[in-house]
Amino acid sequence: MSIVKINVLTVPEEQRETLEKRFAARAGAVENSDGFEWFELLRPLEGTDTYLVYTRWRSEEDFQNWMSGQGQAAHRGGGAEGAERPKPAASGATLWSFEVVQQAAPGQSGPATE
């Protein structure tokens with residue numbers, strides 16, 4: 001089964017638009033990576049300043065390969081070597097890791113397990 005990586009970002013309200021624009025501008029930064037399965041940027045609706053960046057991968061190895069290559073550039077801002085990095089929109093970040101042990105989709109009779 002797949003693995004899920006959730007980057008938990010603390011984003012002050014005045015930085016929300018900046019964060020969302022940066023993710024919108026990153027098109028292709030992960031989508032064509034070997035083993036990549038899914039991406040979602042989740043905006044909080046109420047009571048928190050925490051965004052969740054959800055990615056799903058075929059394996060931990062695929063995620064680590066992306067992180068050591070394209071992922072490093074994406075997290076640096078993808079700018080030219082020596083270029084000034086933009087100020088981070090998030091004031092804190094934590095990475096959560098999960099293994100998918102059950103899943104369901106519309107029309108399935110029950111959860112699939114491995």
# chains A, B, ... in the order shown; residues from 1 in each chain; ligands from 1
>>> residues_around(residues="stretch 1-8 of chain A", least_positions_apart="3", cutoff="12 Å", atoms="only C-alpha atoms", output="tab-separated table (two decimals) with N, CA, C and O atoms, in the first residue's frame")
chain	number	residue	atom	x	y	z
A	11	VAL	N	0.50	28.94	9.46
A	11	VAL	CA	0.52	30.08	8.54
A	11	VAL	C	-0.31	31.23	9.12
A	11	VAL	O	-1.53	31.11	9.23
A	35	GLY	N	6.54	7.53	-8.68
A	35	GLY	CA	5.92	7.08	-7.44
A	35	GLY	C	4.92	8.05	-6.84
A	35	GLY	O	4.23	7.72	-5.88
A	36	PHE	N	4.81	9.27	-7.39
A	36	PHE	CA	3.84	10.25	-6.87
A	36	PHE	C	2.43	9.81	-7.24
A	36	PHE	O	2.18	9.39	-8.36
A	37	GLU	N	1.50	9.91	-6.28
A	37	GLU	CA	0.11	9.51	-6.52
A	37	GLU	C	-0.90	10.63	-6.32
A	37	GLU	O	-1.92	10.66	-7.01
A	38	TRP	N	-0.67	11.55	-5.38
A	38	TRP	CA	-1.72	12.54	-5.10
A	38	TRP	C	-1.15	13.72	-4.33
A	38	TRP	O	-0.22	13.57	-3.55
A	39	PHE	N	-1.74	14.90	-4.53
A	39	PHE	CA	-1.39	16.12	-3.80
A	39	PHE	C	-2.66	16.88	-3.48
A	39	PHE	O	-3.56	16.97	-4.32
A	40	GLU	N	-2.73	17.45	-2.28
A	40	GLU	CA	-3.79	18.38	-1.91
A	40	GLU	C	-3.22	19.41	-0.94
A	40	GLU	O	-2.47	19.05	-0.03
A	41	LEU	N	-3.58	20.68	-1.14
A	41	LEU	CA	-3.29	21.73	-0.18
A	41	LEU	C	-4.61	22.02	0.52
A	41	LEU	O	-5.59	22.40	-0.13
A	42	LEU	N	-4.64	21.83	1.83
A	42	LEU	CA	-5.87	21.98	2.62
A	42	LEU	C	-5.82	23.26	3.44
A	42	LEU	O	-4.93	23.43	4.28
A	43	ARG	N	-6.77	24.16	3.16
A	43	ARG	CA	-6.87	25.44	3.86
A	43	ARG	C	-7.79	25.29	5.08
A	43	ARG	O	-8.88	24.74	4.97
A	44	PRO	N	-7.38	25.80	6.25
A	44	PRO	CA	-8.25	25.72	7.42
A	44	PRO	C	-9.48	26.61	7.25
A	44	PRO	O	-9.39	27.69	6.65
A	48	THR	N	-8.15	27.64	13.46
A	48	THR	CA	-6.75	27.25	13.43
A	48	THR	C	-6.03	28.02	12.33
A	48	THR	O	-6.65	28.49	11.38
A	49	ASP	N	-4.72	28.12	12.45
A	49	ASP	CA	-3.91	28.74	11.40
A	49	ASP	C	-3.02	27.68	10.74
A	49	ASP	O	-1.96	27.96	10.21
A	50	THR	N	-3.48	26.42	10.77
A	50	THR	CA	-2.71	25.30	10.26
A	50	THR	C	-3.22	24.85	8.89
A	50	THR	O	-4.38	24.48	8.74
A	51	TYR	N	-2.33	24.89	7.91
A	51	TYR	CA	-2.58	24.31	6.59
A	51	TYR	C	-2.01	22.90	6.59
A	51	TYR	O	-1.01	22.63	7.27
A	52	LEU	N	-2.60	22.01	5.80
A	52	LEU	CA	-2.06	20.67	5.62
A	52	LEU	C	-1.71	20.49	4.15
A	52	LEU	O	-2.52	20.79	3.27
A	53	VAL	N	-0.50	20.01	3.90
A	53	VAL	CA	-0.06	19.69	2.54
A	53	VAL	C	0.00	18.16	2.48
A	53	VAL	O	0.87	17.53	3.09
A	54	TYR	N	-0.95	17.58	1.77
A	54	TYR	CA	-1.12	16.12	1.70
A	54	TYR	C	-0.51	15.60	0.41
A	54	TYR	O	-0.86	16.06	-0.67
A	55	THR	N	0.44	14.68	0.52
A	55	THR	CA	0.95	13.99	-0.65
A	55	THR	C	0.90	12.49	-0.39
A	55	THR	O	1.07	12.03	0.74
A	56	ARG	N	0.65	11.75	-1.46
A	56	ARG	CA	0.57	10.29	-1.38
A	56	ARG	C	1.58	9.72	-2.37
A	56	ARG	O	1.68	10.20	-3.50
A	57	TRP	N	2.31	8.71	-1.91
A	57	TRP	CA	3.41	8.11	-2.68
A	57	TRP	C	3.28	6.60	-2.72
A	57	TRP	O	2.77	5.99	-1.78
A	58	ARG	N	3.80	6.01	-3.78
A	58	ARG	CA	3.80	4.55	-3.94
A	58	ARG	C	4.63	3.89	-2.83
A	58	ARG	O	4.27	2.82	-2.33
A	59	SER	N	5.73	4.55	-2.42
A	59	SER	CA	6.60	3.97	-1.39
A	59	SER	C	7.39	5.07	-0.69
A	59	SER	O	7.52	6.19	-1.20
A	60	GLU	N	7.96	4.75	0.46
A	60	GLU	CA	8.85	5.66	1.18
A	60	GLU	C	10.06	5.98	0.32
A	60	GLU	O	10.54	7.12	0.29
A	61	GLU	N	10.57	4.99	-0.39
A	61	GLU	CA	11.72	5.20	-1.27
A	61	GLU	C	11.43	6.25	-2.35
A	61	GLU	O	12.26	7.12	-2.62
A	62	ASP	N	10.24	6.19	-2.94
A	62	ASP	CA	9.87	7.19	-3.95
A	62	ASP	C	9.83	8.59	-3.35
A	62	ASP	O	10.31	9.55	-3.96
A	63	PHE	N	9.28	8.72	-2.15
A	63	PHE	CA	9.24	10.02	-1.48
A	63	PHE	C	10.65	10.52	-1.20
A	63	PHE	O	10.97	11.68	-1.48
A	64	GLN	N	11.50	9.66	-0.67
A	64	GLN	CA	12.87	10.06	-0.35
A	64	GLN	C	13.65	10.45	-1.61
A	64	GLN	O	14.42	11.42	-1.58
A	67	MET	N	12.48	13.89	-2.46
A	67	MET	CA	13.01	14.86	-1.50
A	67	MET	C	14.48	15.16	-1.75
A	67	MET	O	14.92	16.30	-1.60
A	75	HIS	N	11.51	23.12	-2.14
A	75	HIS	CA	11.49	23.70	-0.80
A	75	HIS	C	12.45	24.88	-0.65
A	75	HIS	O	12.32	25.65	0.28
A	90	ALA	N	5.10	30.28	6.05
A	90	ALA	CA	4.75	29.53	7.25
A	90	ALA	C	5.72	29.87	8.37
A	90	ALA	O	6.91	30.07	8.14
A	91	SER	N	5.20	29.91	9.59
A	91	SER	CA	6.06	30.19	10.74
A	91	SER	C	6.52	28.91	11.43
A	91	SER	O	7.30	28.96	12.36
A	92	GLY	N	6.01	27.77	10.98
A	92	GLY	CA	6.42	26.50	11.55
A	92	GLY	C	5.96	25.37	10.65
A	92	GLY	O	5.00	25.52	9.90
A	93	ALA	N	6.66	24.23	10.70
A	93	ALA	CA	6.30	23.08	9.87
A	93	ALA	C	6.67	21.79	10.58
A	93	ALA	O	7.71	21.71	11.23
A	94	THR	N	5.81	20.79	10.44
A	94	THR	CA	6.04	19.45	10.96
A	94	THR	C	5.64	18.46	9.88
A	94	THR	O	4.62	18.67	9.21
A	95	LEU	N	6.40	17.39	9.70
A	95	LEU	CA	6.07	16.37	8.71
A	95	LEU	C	5.54	15.13	9.41
A	95	LEU	O	6.21	14.57	10.28
A	96	TRP	N	4.32	14.74	9.04
A	96	TRP	CA	3.72	13.51	9.54
A	96	TRP	C	3.82	12.45	8.46
A	96	TRP	O	3.66	12.76	7.27
A	97	SER	N	4.04	11.20	8.84
A	97	SER	CA	4.11	10.09	7.89
A	97	SER	C	3.13	9.00	8.30
A	97	SER	O	3.03	8.66	9.48
A	98	PHE	N	2.44	8.45	7.30
A	98	PHE	CA	1.45	7.40	7.53
A	98	PHE	C	1.56	6.34	6.45
A	98	PHE	O	1.91	6.65	5.31
A	99	GLU	N	1.20	5.12	6.80
A	99	GLU	CA	1.06	4.05	5.83
A	99	GLU	C	-0.44	3.83	5.62
A	99	GLU	O	-1.20	3.78	6.59
A	100	VAL	N	-0.87	3.72	4.38
A	100	VAL	CA	-2.27	3.48	4.09
A	100	VAL	C	-2.56	2.01	4.36
A	100	VAL	O	-1.96	1.13	3.74
A	101	VAL	N	-3.48	1.74	5.29
A	101	VAL	CA	-3.84	0.36	5.60
A	101	VAL	C	-5.27	0.02	5.19
A	101	VAL	O	-5.62	-1.15	5.08
A	102	GLN	N	-6.10	1.04	4.97
A	102	GLN	CA	-7.44	0.86	4.45
A	102	GLN	C	-7.77	2.05	3.58
A	102	GLN	O	-7.32	3.17	3.84
A	103	GLN	N	-8.59	1.80	2.56
A	103	GLN	CA	-9.05	2.89	1.71
A	103	GLN	C	-10.39	2.52	1.13
A	103	GLN	O	-10.74	1.34	1.07
A	112	ALA	N	-10.90	-1.38	1.18
A	112	ALA	CA	-9.84	-2.28	0.73
A	112	ALA	C	-8.73	-2.27	1.76
A	112	ALA	O	-8.38	-1.23	2.29
A	113	THR	N	-8.21	-3.42	2.09
A	113	THR	CA	-7.13	-3.51	3.06
A	113	THR	C	-6.01	-4.35	2.48
A	113	THR	O	-6.19	-5.08	1.52
A	114	GLU	N	-4.87	-4.22	3.09
A	114	GLU	CA	-3.72	-5.03	2.68
A	114	GLU	C	-3.12	-5.70	3.87
A	114	GLU	O	-3.11	-5.23	4.96
>>> atom_distance(atom1="atom CA of A:Ser33", atom2="atom CA of A:Gly69")
9.9 Å
>>> atom_distance(atom1="atom CA of A:Ala89", atom2="atom CA of A:Gln15")
5.3 Å
>>> select_by_dssp(residues="stretch 12-112 of chain A", states="strand (DSSP E)", output="short mmCIF file (atom, residue, chain, number, x, y, z; two decimals) with N, CA and C atoms, in the first residue's frame")
data_model
loop_
_atom_site.label_atom_id
_atom_site.label_comp_id
_atom_site.auth_asym_id
_atom_site.auth_seq_id
_atom_site.Cartn_x
_atom_site.Cartn_y
_atom_site.Cartn_z
N PHE A 36 4.81 9.27 -7.39
CA PHE A 36 3.84 10.25 -6.87
C PHE A 36 2.43 9.81 -7.24
N GLU A 37 1.50 9.91 -6.28
CA GLU A 37 0.11 9.51 -6.52
C GLU A 37 -0.90 10.63 -6.32
N TRP A 38 -0.67 11.55 -5.38
CA TRP A 38 -1.72 12.54 -5.10
C TRP A 38 -1.15 13.72 -4.33
N PHE A 39 -1.74 14.90 -4.53
CA PHE A 39 -1.39 16.12 -3.80
C PHE A 39 -2.66 16.88 -3.48
N GLU A 40 -2.73 17.45 -2.28
CA GLU A 40 -3.79 18.38 -1.91
C GLU A 40 -3.22 19.41 -0.94
N LEU A 41 -3.58 20.68 -1.14
CA LEU A 41 -3.29 21.73 -0.18
C LEU A 41 -4.61 22.02 0.52
N LEU A 42 -4.64 21.83 1.83
CA LEU A 42 -5.87 21.98 2.62
C LEU A 42 -5.82 23.26 3.44
N THR A 50 -3.48 26.42 10.77
CA THR A 50 -2.71 25.30 10.26
C THR A 50 -3.22 24.85 8.89
N TYR A 51 -2.33 24.89 7.91
CA TYR A 51 -2.58 24.31 6.59
C TYR A 51 -2.01 22.90 6.59
N LEU A 52 -2.60 22.01 5.80
CA LEU A 52 -2.06 20.67 5.62
C LEU A 52 -1.71 20.49 4.15
N VAL A 53 -0.50 20.01 3.90
CA VAL A 53 -0.06 19.69 2.54
C VAL A 53 0.00 18.16 2.48
N TYR A 54 -0.95 17.58 1.77
CA TYR A 54 -1.12 16.12 1.70
C TYR A 54 -0.51 15.60 0.41
N THR A 55 0.44 14.68 0.52
CA THR A 55 0.95 13.99 -0.65
C THR A 55 0.90 12.49 -0.39
N ARG A 56 0.65 11.75 -1.46
CA ARG A 56 0.57 10.29 -1.38
C ARG A 56 1.58 9.72 -2.37
N TRP A 57 2.31 8.71 -1.91
CA TRP A 57 3.41 8.11 -2.68
C TRP A 57 3.28 6.60 -2.72
N GLY A 92 6.01 27.77 10.98
CA GLY A 92 6.42 26.50 11.55
C GLY A 92 5.96 25.37 10.65
N ALA A 93 6.66 24.23 10.70
CA ALA A 93 6.30 23.08 9.87
C ALA A 93 6.67 21.79 10.58
N THR A 94 5.81 20.79 10.44
CA THR A 94 6.04 19.45 10.96
C THR A 94 5.64 18.46 9.88
N LEU A 95 6.40 17.39 9.70
CA LEU A 95 6.07 16.37 8.71
C LEU A 95 5.54 15.13 9.41
N TRP A 96 4.32 14.74 9.04
CA TRP A 96 3.72 13.51 9.54
C TRP A 96 3.82 12.45 8.46
N SER A 97 4.04 11.20 8.84
CA SER A 97 4.11 10.09 7.89
C SER A 97 3.13 9.00 8.30
N PHE A 98 2.44 8.45 7.30
CA PHE A 98 1.45 7.40 7.53
C PHE A 98 1.56 6.34 6.45
N GLU A 99 1.20 5.12 6.80
CA GLU A 99 1.06 4.05 5.83
C GLU A 99 -0.44 3.83 5.62
N GLN A 102 -6.10 1.04 4.97
CA GLN A 102 -7.44 0.86 4.45
C GLN A 102 -7.77 2.05 3.58
N GLN A 103 -8.59 1.80 2.56
CA GLN A 103 -9.05 2.89 1.71
C GLN A 103 -10.39 2.52 1.13
N ALA A 112 -10.90 -1.38 1.18
CA ALA A 112 -9.84 -2.28 0.73
C ALA A 112 -8.73 -2.27 1.76
#
>>> closest_residue(among="A:Ser109, A:Pro86, A:Glu13, A:Ala24", to="A:Glu46", atoms="only C-alpha atoms")
A:Glu13
>>> select_by_dssp(residues="stretch 9-106 of chain A", states="helix (DSSP H, G or I)", output="list in words")
Glu13, Glu14, Gln15, Arg16, Glu17, Thr18, Leu19, Glu20, Lys21, Arg22, Phe23, Ala24, Ala25, Glu60, Glu61, Asp62, Phe63, Gln64, Asn65, Trp66, Met67, Ser68, Gln70, Gly71, Gln72, Ala73, Ala74, His75 and Arg76 of chain A
>>> write_last_selection(atoms="C-alpha atoms", output="mmCIF file, in the first residue's frame")
data_model
loop_
_atom_site.group_PDB
_atom_site.id
_atom_site.type_symbol
_atom_site.label_atom_id
_atom_site.label_comp_id
_atom_site.auth_asym_id
_atom_site.auth_seq_id
_atom_site.Cartn_x
_atom_site.Cartn_y
_atom_site.Cartn_z
ATOM 1 C CA GLU A 13 -3.567 34.906 8.412
ATOM 2 C CA GLU A 14 -1.623 37.694 6.664
ATOM 3 C CA GLN A 15 0.527 35.046 4.890
ATOM 4 C CA ARG A 16 -2.280 32.749 3.653
ATOM 5 C CA GLU A 17 -2.578 34.359 0.223
ATOM 6 C CA THR A 18 1.208 34.260 -0.228
ATOM 7 C CA LEU A 19 1.351 30.560 0.656
ATOM 8 C CA GLU A 20 -1.502 29.662 -1.689
ATOM 9 C CA LYS A 21 0.017 31.644 -4.573
ATOM 10 C CA ARG A 22 3.376 29.906 -4.079
ATOM 11 C CA PHE A 23 1.740 26.489 -4.227
ATOM 12 C CA ALA A 24 -0.245 27.499 -7.330
ATOM 13 C CA ALA A 25 3.007 28.605 -9.005
ATOM 14 C CA GLU A 60 8.845 5.659 1.185
ATOM 15 C CA GLU A 61 11.720 5.198 -1.274
ATOM 16 C CA ASP A 62 9.867 7.191 -3.953
ATOM 17 C CA PHE A 63 9.240 10.016 -1.482
ATOM 18 C CA GLN A 64 12.872 10.062 -0.347
ATOM 19 C CA ASN A 65 14.075 10.087 -3.976
ATOM 20 C CA TRP A 66 11.853 13.102 -4.681
ATOM 21 C CA MET A 67 13.012 14.865 -1.501
ATOM 22 C CA SER A 68 16.683 14.393 -2.360
ATOM 23 C CA GLN A 70 13.255 17.849 -7.045
ATOM 24 C CA GLY A 71 11.937 18.247 -3.497
ATOM 25 C CA GLN A 72 15.025 20.137 -2.366
ATOM 26 C CA ALA A 73 14.607 22.651 -5.187
ATOM 27 C CA ALA A 74 10.876 23.024 -4.498
ATOM 28 C CA HIS A 75 11.491 23.696 -0.799
ATOM 29 C CA ARG A 76 14.261 26.196 -1.582
#
>>> decode(residues="stretch 12-109 of chain A", atoms="C-alpha atoms", output="mmCIF file, in the first residue's frame")
data_model
loop_
_atom_site.group_PDB
_atom_site.id
_atom_site.type_symbol
_atom_site.label_atom_id
_atom_site.label_comp_id
_atom_site.auth_asym_id
_atom_site.auth_seq_id
_atom_site.Cartn_x
_atom_site.Cartn_y
_atom_site.Cartn_z
ATOM 1 C CA PRO A 12 -0.409 33.480 9.993
ATOM 2 C CA GLU A 13 -3.567 34.906 8.412
ATOM 3 C CA GLU A 14 -1.623 37.694 6.664
ATOM 4 C CA GLN A 15 0.527 35.046 4.890
ATOM 5 C CA ARG A 16 -2.280 32.749 3.653
ATOM 6 C CA GLU A 17 -2.578 34.359 0.223
ATOM 7 C CA THR A 18 1.208 34.260 -0.228
ATOM 8 C CA LEU A 19 1.351 30.560 0.656
ATOM 9 C CA GLU A 20 -1.502 29.662 -1.689
ATOM 10 C CA LYS A 21 0.017 31.644 -4.573
ATOM 11 C CA ARG A 22 3.376 29.906 -4.079
ATOM 12 C CA PHE A 23 1.740 26.489 -4.227
ATOM 13 C CA ALA A 24 -0.245 27.499 -7.330
ATOM 14 C CA ALA A 25 3.007 28.605 -9.005
ATOM 15 C CA ARG A 26 4.700 25.269 -8.266
ATOM 16 C CA ALA A 27 2.767 23.377 -10.964
ATOM 17 C CA GLY A 28 4.712 20.320 -12.046
ATOM 18 C CA ALA A 29 7.054 20.383 -9.044
ATOM 19 C CA VAL A 30 5.880 16.953 -7.911
ATOM 20 C CA GLU A 31 3.240 15.668 -10.346
ATOM 21 C CA ASN A 32 5.667 13.982 -12.749
ATOM 22 C CA SER A 33 7.830 12.382 -10.060
ATOM 23 C CA ASP A 34 8.212 8.606 -10.052
ATOM 24 C CA GLY A 35 5.918 7.078 -7.441
ATOM 25 C CA PHE A 36 3.845 10.248 -6.873
ATOM 26 C CA GLU A 37 0.115 9.512 -6.517
ATOM 27 C CA TRP A 38 -1.716 12.543 -5.098
ATOM 28 C CA PHE A 39 -1.387 16.117 -3.801
ATOM 29 C CA GLU A 40 -3.792 18.380 -1.913
ATOM 30 C CA LEU A 41 -3.289 21.733 -0.179
ATOM 31 C CA LEU A 42 -5.867 21.977 2.615
ATOM 32 C CA ARG A 43 -6.870 25.444 3.861
ATOM 33 C CA PRO A 44 -8.246 25.724 7.423
ATOM 34 C CA LEU A 45 -11.833 26.923 7.660
ATOM 35 C CA GLU A 46 -12.080 27.926 11.296
ATOM 36 C CA GLY A 47 -10.302 27.921 14.616
ATOM 37 C CA THR A 48 -6.745 27.252 13.435
ATOM 38 C CA ASP A 49 -3.906 28.739 11.403
ATOM 39 C CA THR A 50 -2.713 25.301 10.260
ATOM 40 C CA TYR A 51 -2.579 24.308 6.591
ATOM 41 C CA LEU A 52 -2.065 20.673 5.617
ATOM 42 C CA VAL A 53 -0.062 19.687 2.544
ATOM 43 C CA TYR A 54 -1.120 16.121 1.705
ATOM 44 C CA THR A 55 0.954 13.987 -0.653
ATOM 45 C CA ARG A 56 0.571 10.292 -1.380
ATOM 46 C CA TRP A 57 3.408 8.110 -2.683
ATOM 47 C CA ARG A 58 3.800 4.552 -3.937
ATOM 48 C CA SER A 59 6.602 3.967 -1.391
ATOM 49 C CA GLU A 60 8.845 5.659 1.185
ATOM 50 C CA GLU A 61 11.720 5.198 -1.274
ATOM 51 C CA ASP A 62 9.867 7.191 -3.953
ATOM 52 C CA PHE A 63 9.240 10.016 -1.482
ATOM 53 C CA GLN A 64 12.872 10.062 -0.347
ATOM 54 C CA ASN A 65 14.075 10.087 -3.976
ATOM 55 C CA TRP A 66 11.853 13.102 -4.681
ATOM 56 C CA MET A 67 13.012 14.865 -1.501
ATOM 57 C CA SER A 68 16.683 14.393 -2.360
ATOM 58 C CA GLY A 69 16.180 15.736 -5.885
ATOM 59 C CA GLN A 70 13.255 17.849 -7.045
ATOM 60 C CA GLY A 71 11.937 18.247 -3.497
ATOM 61 C CA GLN A 72 15.025 20.137 -2.366
ATOM 62 C CA ALA A 73 14.607 22.651 -5.187
ATOM 63 C CA ALA A 74 10.876 23.024 -4.498
ATOM 64 C CA HIS A 75 11.491 23.696 -0.799
ATOM 65 C CA ARG A 76 14.261 26.196 -1.582
ATOM 66 C CA GLY A 77 11.830 28.159 -3.699
ATOM 67 C CA GLY A 78 13.250 26.792 -6.937
ATOM 68 C CA GLY A 79 15.229 29.977 -7.547
ATOM 69 C CA ALA A 80 18.613 30.294 -9.163
ATOM 70 C CA GLU A 81 21.703 29.353 -7.192
ATOM 71 C CA GLY A 82 22.714 32.281 -4.991
ATOM 72 C CA ALA A 83 19.396 34.075 -5.484
ATOM 73 C CA GLU A 84 17.783 35.587 -2.407
ATOM 74 C CA ARG A 85 15.180 33.259 -0.929
ATOM 75 C CA PRO A 86 11.713 34.679 -0.354
ATOM 76 C CA LYS A 87 10.604 34.946 3.271
ATOM 77 C CA PRO A 88 8.744 31.773 4.333
ATOM 78 C CA ALA A 89 4.957 32.139 4.483
ATOM 79 C CA ALA A 90 4.750 29.528 7.251
ATOM 80 C CA SER A 91 6.062 30.187 10.736
ATOM 81 C CA GLY A 92 6.424 26.497 11.552
ATOM 82 C CA ALA A 93 6.297 23.082 9.871
ATOM 83 C CA THR A 94 6.039 19.450 10.961
ATOM 84 C CA LEU A 95 6.068 16.375 8.708
ATOM 85 C CA TRP A 96 3.720 13.509 9.544
ATOM 86 C CA SER A 97 4.114 10.089 7.895
ATOM 87 C CA PHE A 98 1.455 7.402 7.532
ATOM 88 C CA GLU A 99 1.056 4.051 5.835
ATOM 89 C CA VAL A 100 -2.272 3.479 4.087
ATOM 90 C CA VAL A 101 -3.835 0.356 5.603
ATOM 91 C CA GLN A 102 -7.442 0.860 4.446
ATOM 92 C CA GLN A 103 -9.050 2.891 1.710
ATOM 93 C CA ALA A 104 -12.459 3.285 0.084
ATOM 94 C CA ALA A 105 -13.795 4.935 -3.021
ATOM 95 C CA PRO A 106 -17.330 5.711 -4.213
ATOM 96 C CA GLY A 107 -19.081 2.584 -5.404
ATOM 97 C CA GLN A 108 -16.913 0.134 -3.455
ATOM 98 C CA SER A 109 -18.749 -2.343 -1.237
#
